[in-house]
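Structure data (mmCIF, N, CA, C and O atoms) from input-v7.cif:
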```cif
data_final
loop_
_atom_site.label_atom_id
_atom_site.label_comp_id
_atom_site.auth_asym_id
_atom_site.auth_seq_id
_atom_site.Cartn_x
_atom_site.Cartn_y
_atom_site.Cartn_z
N MET A 546 -22.95 203.08 165.87
CA MET A 546 -22.16 204.03 166.63
C MET A 546 -20.67 203.72 166.47
O MET A 546 -19.88 204.61 166.25
N THR A 547 -20.29 202.46 166.57
CA THR A 547 -18.89 202.09 166.44
C THR A 547 -18.38 202.41 165.04
O THR A 547 -17.25 202.88 164.88
N HIS A 548 -19.23 202.20 164.04
CA HIS A 548 -18.85 202.49 162.66
C HIS A 548 -18.58 203.99 162.49
O HIS A 548 -17.63 204.37 161.81
N ALA A 549 -19.40 204.83 163.10
CA ALA A 549 -19.21 206.28 163.00
C ALA A 549 -17.91 206.69 163.68
O ALA A 549 -17.20 207.56 163.18
N ILE A 550 -17.58 206.08 164.79
CA ILE A 550 -16.34 206.40 165.49
C ILE A 550 -15.14 205.99 164.64
O ILE A 550 -14.14 206.70 164.55
N MET A 551 -15.22 204.82 163.99
CA MET A 551 -14.13 204.37 163.13
C MET A 551 -13.96 205.31 161.95
O MET A 551 -12.84 205.64 161.56
N THR A 552 -15.07 205.79 161.38
CA THR A 552 -15.01 206.72 160.25
C THR A 552 -14.38 208.03 160.69
O THR A 552 -13.53 208.58 160.00
N LEU A 553 -14.79 208.55 161.84
CA LEU A 553 -14.22 209.79 162.35
C LEU A 553 -12.74 209.60 162.69
O LEU A 553 -11.93 210.50 162.46
N GLY A 554 -12.40 208.44 163.21
CA GLY A 554 -10.99 208.16 163.50
C GLY A 554 -10.15 208.12 162.24
O GLY A 554 -9.04 208.63 162.21
N THR A 555 -10.69 207.52 161.19
CA THR A 555 -9.98 207.47 159.91
C THR A 555 -9.80 208.87 159.35
O THR A 555 -8.71 209.23 158.90
N LEU A 556 -10.85 209.66 159.38
CA LEU A 556 -10.78 211.03 158.88
C LEU A 556 -9.80 211.85 159.70
O LEU A 556 -9.01 212.62 159.15
N ALA A 557 -9.80 211.67 161.01
CA ALA A 557 -8.86 212.39 161.88
C ALA A 557 -7.42 211.98 161.57
O ALA A 557 -6.52 212.81 161.55
N GLY A 558 -7.21 210.70 161.32
CA GLY A 558 -5.88 210.23 160.96
C GLY A 558 -5.39 210.81 159.65
O GLY A 558 -4.24 211.22 159.53
N VAL A 559 -6.26 210.85 158.67
CA VAL A 559 -5.90 211.43 157.37
C VAL A 559 -5.57 212.90 157.52
O VAL A 559 -4.58 213.40 156.98
N MET A 560 -6.38 213.61 158.29
CA MET A 560 -6.14 215.04 158.50
C MET A 560 -4.83 215.28 159.24
O MET A 560 -4.10 216.23 158.93
N ALA A 561 -4.52 214.43 160.22
CA ALA A 561 -3.27 214.59 160.97
C ALA A 561 -2.07 214.34 160.06
O ALA A 561 -1.09 215.09 160.11
N CYS A 562 -2.14 213.31 159.23
CA CYS A 562 -1.04 213.04 158.30
C CYS A 562 -0.87 214.18 157.31
O CYS A 562 0.26 214.59 157.01
N LEU A 563 -1.97 214.70 156.81
CA LEU A 563 -1.89 215.82 155.88
C LEU A 563 -1.31 217.06 156.55
O LEU A 563 -0.54 217.80 155.94
N ALA A 564 -1.66 217.29 157.80
CA ALA A 564 -1.14 218.45 158.53
C ALA A 564 0.37 218.35 158.68
O ALA A 564 1.09 219.34 158.49
N VAL A 565 0.88 217.16 159.00
CA VAL A 565 2.32 216.97 159.13
C VAL A 565 3.00 217.17 157.78
O VAL A 565 4.04 217.84 157.68
N PHE A 566 2.43 216.61 156.73
CA PHE A 566 2.98 216.75 155.39
C PHE A 566 3.02 218.21 154.96
O PHE A 566 4.02 218.69 154.42
N VAL A 567 1.93 218.93 155.18
CA VAL A 567 1.85 220.33 154.78
C VAL A 567 2.86 221.17 155.57
O VAL A 567 3.54 222.03 155.01
N ALA A 568 2.98 220.91 156.86
CA ALA A 568 3.94 221.66 157.68
C ALA A 568 5.37 221.43 157.19
O ALA A 568 6.15 222.38 157.05
N ALA A 569 5.71 220.19 156.92
CA ALA A 569 7.06 219.88 156.42
C ALA A 569 7.30 220.51 155.05
O ALA A 569 8.37 221.06 154.79
N THR A 570 6.31 220.46 154.19
CA THR A 570 6.42 221.05 152.86
C THR A 570 6.62 222.56 152.95
O THR A 570 7.45 223.13 152.25
N GLN A 571 5.87 223.19 153.84
CA GLN A 571 6.00 224.64 153.99
C GLN A 571 7.39 225.02 154.49
O GLN A 571 7.98 225.99 154.01
N ILE A 572 7.93 224.27 155.43
CA ILE A 572 9.27 224.57 155.95
C ILE A 572 10.31 224.43 154.84
O ILE A 572 11.17 225.29 154.66
N ILE A 573 10.20 223.36 154.07
CA ILE A 573 11.17 223.14 152.98
C ILE A 573 11.03 224.21 151.91
O ILE A 573 12.03 224.77 151.43
N LEU A 574 9.80 224.55 151.53
CA LEU A 574 9.60 225.53 150.47
C LEU A 574 10.02 226.92 150.88
O LEU A 574 10.48 227.70 150.05
N ARG A 575 9.89 227.25 152.15
CA ARG A 575 10.33 228.58 152.60
C ARG A 575 11.83 228.76 152.41
O ARG A 575 12.30 229.88 152.24
N LEU A 576 12.57 227.69 152.44
CA LEU A 576 14.01 227.78 152.26
C LEU A 576 14.40 228.06 150.81
O LEU A 576 15.45 228.64 150.54
N TYR A 577 13.56 227.64 149.86
CA TYR A 577 13.93 227.71 148.45
C TYR A 577 13.11 228.68 147.62
O TYR A 577 13.45 228.93 146.47
N ILE A 578 12.03 229.22 148.16
CA ILE A 578 11.16 230.10 147.38
C ILE A 578 11.23 231.51 147.95
O ILE A 578 11.17 231.70 149.16
N SER A 579 11.35 232.47 147.07
CA SER A 579 11.45 233.86 147.51
C SER A 579 10.14 234.30 148.16
O SER A 579 9.06 233.78 147.85
N PRO A 580 10.19 235.26 149.06
CA PRO A 580 8.99 235.72 149.76
C PRO A 580 7.90 236.25 148.83
O PRO A 580 6.72 236.18 149.16
N ALA A 581 8.30 236.75 147.66
CA ALA A 581 7.30 237.28 146.72
C ALA A 581 6.34 236.18 146.24
O ALA A 581 5.15 236.43 146.04
N PHE A 582 6.84 234.95 146.10
CA PHE A 582 6.01 233.86 145.61
C PHE A 582 5.45 232.98 146.73
O PHE A 582 4.69 232.06 146.47
N TRP A 583 5.84 233.24 147.97
CA TRP A 583 5.46 232.36 149.06
C TRP A 583 3.96 232.32 149.28
O TRP A 583 3.38 231.28 149.55
N ARG A 584 3.28 233.45 149.17
CA ARG A 584 1.82 233.47 149.39
C ARG A 584 1.09 232.63 148.35
O ARG A 584 0.13 231.94 148.66
N ILE A 585 1.54 232.68 147.12
CA ILE A 585 0.92 231.87 146.07
C ILE A 585 1.12 230.39 146.36
O ILE A 585 0.19 229.58 146.28
N VAL A 586 2.33 230.02 146.72
CA VAL A 586 2.64 228.62 147.03
C VAL A 586 1.84 228.15 148.25
O VAL A 586 1.28 227.05 148.25
N ALA A 587 1.77 228.98 149.28
CA ALA A 587 1.02 228.61 150.49
C ALA A 587 -0.46 228.43 150.16
O ALA A 587 -1.12 227.52 150.67
N SER A 588 -1.00 229.27 149.29
CA SER A 588 -2.41 229.13 148.88
C SER A 588 -2.63 227.84 148.12
O SER A 588 -3.63 227.15 148.34
N LEU A 589 -1.72 227.49 147.23
CA LEU A 589 -1.84 226.23 146.48
C LEU A 589 -1.76 225.03 147.41
O LEU A 589 -2.52 224.06 147.23
N ILE A 590 -0.88 225.08 148.38
CA ILE A 590 -0.78 223.98 149.34
C ILE A 590 -2.08 223.85 150.12
O ILE A 590 -2.59 222.74 150.32
N ALA A 591 -2.66 224.96 150.55
CA ALA A 591 -3.91 224.92 151.30
C ALA A 591 -5.04 224.37 150.45
O ALA A 591 -5.84 223.55 150.91
N ILE A 592 -5.12 224.79 149.20
CA ILE A 592 -6.18 224.31 148.31
C ILE A 592 -6.04 222.80 148.07
O ILE A 592 -7.02 222.05 148.14
N CYS A 593 -4.82 222.34 147.82
CA CYS A 593 -4.60 220.90 147.59
C CYS A 593 -4.92 220.09 148.84
O CYS A 593 -5.48 218.99 148.75
N THR A 594 -4.60 220.64 150.01
CA THR A 594 -4.89 219.94 151.26
C THR A 594 -6.40 219.80 151.46
O THR A 594 -6.90 218.72 151.78
N LEU A 595 -7.12 220.89 151.27
CA LEU A 595 -8.58 220.84 151.42
C LEU A 595 -9.20 219.90 150.39
O LEU A 595 -10.15 219.18 150.70
N TRP A 596 -8.68 219.90 149.19
CA TRP A 596 -9.19 219.02 148.14
C TRP A 596 -8.97 217.56 148.52
O TRP A 596 -9.84 216.71 148.35
N ALA A 597 -7.80 217.24 149.07
CA ALA A 597 -7.50 215.86 149.48
C ALA A 597 -8.42 215.42 150.62
O ALA A 597 -8.92 214.29 150.64
N ILE A 598 -8.66 216.32 151.57
CA ILE A 598 -9.56 215.99 152.68
C ILE A 598 -10.98 215.77 152.15
O ILE A 598 -11.65 214.81 152.53
N TRP A 599 -11.45 216.62 151.27
CA TRP A 599 -12.80 216.49 150.69
C TRP A 599 -12.91 215.19 149.90
O TRP A 599 -13.91 214.47 150.01
N ASP A 600 -11.88 214.86 149.13
CA ASP A 600 -11.90 213.64 148.33
C ASP A 600 -11.98 212.41 149.24
O ASP A 600 -12.74 211.48 148.97
N GLU A 601 -11.21 212.39 150.31
CA GLU A 601 -11.25 211.27 151.26
C GLU A 601 -12.62 211.15 151.90
O GLU A 601 -13.16 210.06 152.06
N HIS A 602 -13.21 212.29 152.24
CA HIS A 602 -14.54 212.29 152.86
C HIS A 602 -15.57 211.73 151.88
O HIS A 602 -16.41 210.91 152.25
N GLN A 603 -15.51 212.15 150.62
CA GLN A 603 -16.46 211.67 149.62
C GLN A 603 -16.26 210.18 149.36
O GLN A 603 -17.22 209.45 149.15
N ARG A 604 -15.01 209.71 149.38
CA ARG A 604 -14.73 208.30 149.19
C ARG A 604 -15.35 207.47 150.31
O ARG A 604 -15.90 206.39 150.08
N GLU A 605 -15.23 207.96 151.56
CA GLU A 605 -15.83 207.27 152.70
C GLU A 605 -17.34 207.17 152.54
O GLU A 605 -17.94 206.12 152.77
N ILE A 606 -17.97 208.26 152.13
CA ILE A 606 -19.42 208.27 151.94
C ILE A 606 -19.81 207.27 150.85
O ILE A 606 -20.75 206.50 151.00
N TYR A 607 -19.06 207.25 149.74
CA TYR A 607 -19.36 206.34 148.65
C TYR A 607 -19.21 204.88 149.08
O TYR A 607 -20.08 204.05 148.80
N LEU A 608 -18.13 204.58 149.79
CA LEU A 608 -17.92 203.21 150.22
C LEU A 608 -19.00 202.73 151.18
O LEU A 608 -19.40 201.57 151.15
N HIS A 609 -19.50 203.63 152.02
CA HIS A 609 -20.55 203.24 152.96
C HIS A 609 -21.88 203.08 152.26
O HIS A 609 -22.70 202.26 152.66
N SER A 610 -22.11 203.85 151.19
CA SER A 610 -23.38 203.71 150.46
C SER A 610 -23.40 202.46 149.61
O SER A 610 -24.46 201.87 149.38
N VAL A 611 -22.23 202.01 149.11
CA VAL A 611 -22.16 200.82 148.27
C VAL A 611 -22.24 199.57 149.12
O VAL A 611 -22.91 198.62 148.79
N GLY A 612 -21.52 199.58 150.26
CA GLY A 612 -21.42 198.38 151.07
C GLY A 612 -22.43 198.29 152.07
O GLY A 612 -23.31 198.00 152.57
#
```

Structure re-expressed in structure tokens:
Amino acid sequence: MTHAIMTLGTLAGVMACLAVFVAATQIILRLYISPAFWRIVASLIAICTLWAIWDEHQREIYLHSVG
């Protein structure tokens, strides 16, 4: 049970850091990118964020299966 809580805590921490990074990136990019390209950039940011979260989740599963 404690191990599961630590894993969820780690995942929550990673997600929180990514959320802050994505928010800051979006604010900065809105200043420099025209509105015509903003939707494409926002979609790429969302895809990269989800990919990073999935990768971290898979890494956790792999490390627990090995150890």

Kindly give the distance, in Å, that separates atom CA of A:Ala597 and atom CA of A:Arg575, rounded to a single decimal. 22.1 Å

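Counting all atoms listed in the file, the residue from A:Gln603, A:Val565, A:Gly558, A:Gln571 that sits nearest to A:Val586 is A:Gln571.
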
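If you look at atom O of A:Phe566 and atom C of A:Phe582, they are 16.3 Å away from each other.
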
I'd like the interatomic distance between atom C of A:Thr594 and atom O of A:Leu563, to a tenth of an Å. 7.6 Å

Which one of A:Ile585, A:Ile578, A:Ile572, A:Ile598 sits closest to A:Val559 if you count only N, CA, C and O atoms? A:Ile598

Any idea what's packed within 10 Å of A:Ala587, counting only C-alpha atoms, ignoring anything in its chain fewer than 4 positions away? Could you give it as number ranges by chain? A: 567, 570-571, 574-575, 582-583, 591-593

Given only C-alpha atoms as the basis, pick out the residue of A:Ala581, A:Leu576, A:Ile606, A:Ile590 nearest to A:Ala564. A:Ile590
